[in-house]
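Working notes for the structure below.
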Amino acid sequence: MLKAKVHITLKSGVLDPQGKAVEHALIGLGFPGVGGVRQGKYIEVDLPEQRDKSKAKSQVEDMCKALLANTVIENYNVEVVD
């Protein structure tokens, strides 16, 4: 069985209020020198019927374009593993 690991992040230049909130919280907790925190999403998709890694990656990239990522403001990276 193959598994796809999808990392989704905001494109550079897109404001990230959640990342900024995390940055401020870390500084408030005593972690000085923290900056540029960006928050993203991580999604795992099991592909029990797929055996071909190339086809699996293409299939999950289609899923990202259709639903998982907002391609206007987000980038995504797909990794397929056994």
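In the structure tokens, the first chain shown is A, the next is B, and so on; residue numbers restart at 1 for each chain, and ligands run from 1 in the order shown.
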Any chance you could tabulate, as CSV, the residues of segment 12-57 of chain A at most 12 Å from segment 69-75 of chain A with each one's nearest atom pair and distance in Å to one decimal, using only C-alpha atoms, in chain and rising number order?
```
residue,atom,partner,partner_atom,distance
A:Ser12,CA,A:Ile73,CA,8.7
A:Gly13,CA,A:Ile73,CA,9.1
A:Val14,CA,A:Ile73,CA,6.7
A:Leu15,CA,A:Ile73,CA,9.6
A:Asp16,CA,A:Ile73,CA,10.6
A:Arg38,CA,A:Glu74,CA,11.8
A:Gln39,CA,A:Glu74,CA,11.2
A:Gly40,CA,A:Glu74,CA,9.0
A:Lys41,CA,A:Ala69,CA,9.2
A:Tyr42,CA,A:Ala69,CA,10.7
A:Ile43,CA,A:Ala69,CA,10.4
```
Exercise: Ala25 of chain A partners within 12 Å, only C-alpha atoms, chain neighbours under 5 positions left out, as a ChimeraX atom specification: /A:18-20,30-32,34-35,37
Using the selection just defined, write its residues with N, CA and C atoms as an mmCIF file, in the first residue's frame.
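After the write, again-v2.cif holds the following:
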```cif
data_model
loop_
_atom_site.group_PDB
_atom_site.id
_atom_site.type_symbol
_atom_site.label_atom_id
_atom_site.label_comp_id
_atom_site.auth_asym_id
_atom_site.auth_seq_id
_atom_site.Cartn_x
_atom_site.Cartn_y
_atom_site.Cartn_z
ATOM 1 N N GLN A 18 -2.028 33.327 11.425
ATOM 2 C CA GLN A 18 -1.806 32.246 12.391
ATOM 3 C C GLN A 18 -0.320 32.096 12.696
ATOM 4 N N GLY A 19 0.495 32.171 11.671
ATOM 5 C CA GLY A 19 1.940 32.098 11.885
ATOM 6 C C GLY A 19 2.425 33.245 12.750
ATOM 7 N N LYS A 20 1.891 34.446 12.511
ATOM 8 C CA LYS A 20 2.268 35.614 13.314
ATOM 9 C C LYS A 20 1.846 35.426 14.766
ATOM 10 N N GLY A 30 9.257 33.024 26.067
ATOM 11 C CA GLY A 30 10.678 33.088 26.379
ATOM 12 C C GLY A 30 11.592 32.515 25.316
ATOM 13 N N PHE A 31 11.139 32.481 24.086
ATOM 14 C CA PHE A 31 11.979 32.021 22.979
ATOM 15 C C PHE A 31 12.349 33.226 22.120
ATOM 16 N N PRO A 32 13.364 33.981 22.548
ATOM 17 C CA PRO A 32 13.728 35.185 21.787
ATOM 18 C C PRO A 32 14.368 34.819 20.448
ATOM 19 N N VAL A 34 12.913 34.550 17.610
ATOM 20 C CA VAL A 34 12.027 33.827 16.694
ATOM 21 C C VAL A 34 11.446 34.832 15.720
ATOM 22 N N GLY A 35 11.403 34.473 14.452
ATOM 23 C CA GLY A 35 10.835 35.370 13.461
ATOM 24 C C GLY A 35 10.422 34.606 12.222
ATOM 25 N N VAL A 37 7.640 33.081 11.374
ATOM 26 C CA VAL A 37 6.920 31.811 11.553
ATOM 27 C C VAL A 37 5.801 31.723 10.525
#
```
Which residues are near Asn77 of chain A? Cut-off 7 Å, only C-alpha atoms, ignore same chain within fewer than 5 positions. Put them as a list in words.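 Counting only the stated atoms, we get Val6, His7 and Ile8 of chain A.
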With N, CA and C atoms kept, could you save the residues just selected as a PDB file, in the first residue's frame?
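What follows is the written file again_27.pdb:
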```pdb
ATOM      1  N   VAL A   6       1.354  15.026   2.181  1.00  0.00           N
ATOM      2  CA  VAL A   6       1.155  16.305   1.511  1.00  0.00           C
ATOM      3  C   VAL A   6       1.439  17.440   2.494  1.00  0.00           C
ATOM      4  N   HIS A   7       2.362  18.309   2.129  1.00  0.00           N
ATOM      5  CA  HIS A   7       2.671  19.508   2.912  1.00  0.00           C
ATOM      6  C   HIS A   7       2.130  20.703   2.139  1.00  0.00           C
ATOM      7  N   ILE A   8       1.292  21.491   2.811  1.00  0.00           N
ATOM      8  CA  ILE A   8       0.680  22.656   2.182  1.00  0.00           C
ATOM      9  C   ILE A   8       1.091  23.895   2.969  1.00  0.00           C
TER      10      ILE A   8
END
```
Using only C-alpha atoms, determine which residues lie at most 10 Å from segment 52-62 of chain A, disregarding the query and same-chain residues fewer than 4 positions distant; provide the list as a ChimeraX atom specification. /A:1-6,45-47,66-69,76-82
When DSSP works through the backbone of this structure, what residues of chain A end up as strand (DSSP E), shown as a PyMOL selection string? chain A and resi 2-10+40-47+74-81
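Going from atom CA of Cys64 of chain A to atom CA of Leu10 of chain A covers 13.6 Å.
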In segment 2-82 of chain A, DSSP helix (DSSP H, G or I) residues written as a list in words: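 These are the residues in question: Pro17, Gln18, Gly19, Lys20, Ala21, Val22, Glu23, His24, Ala25, Leu26, Ile27, Gly28, Lys53, Ser54, Lys55, Ala56, Lys57, Ser58, Gln59, Val60, Glu61, Asp62, Met63, Cys64, Lys65, Ala66, Leu67 and Leu68 of chain A.
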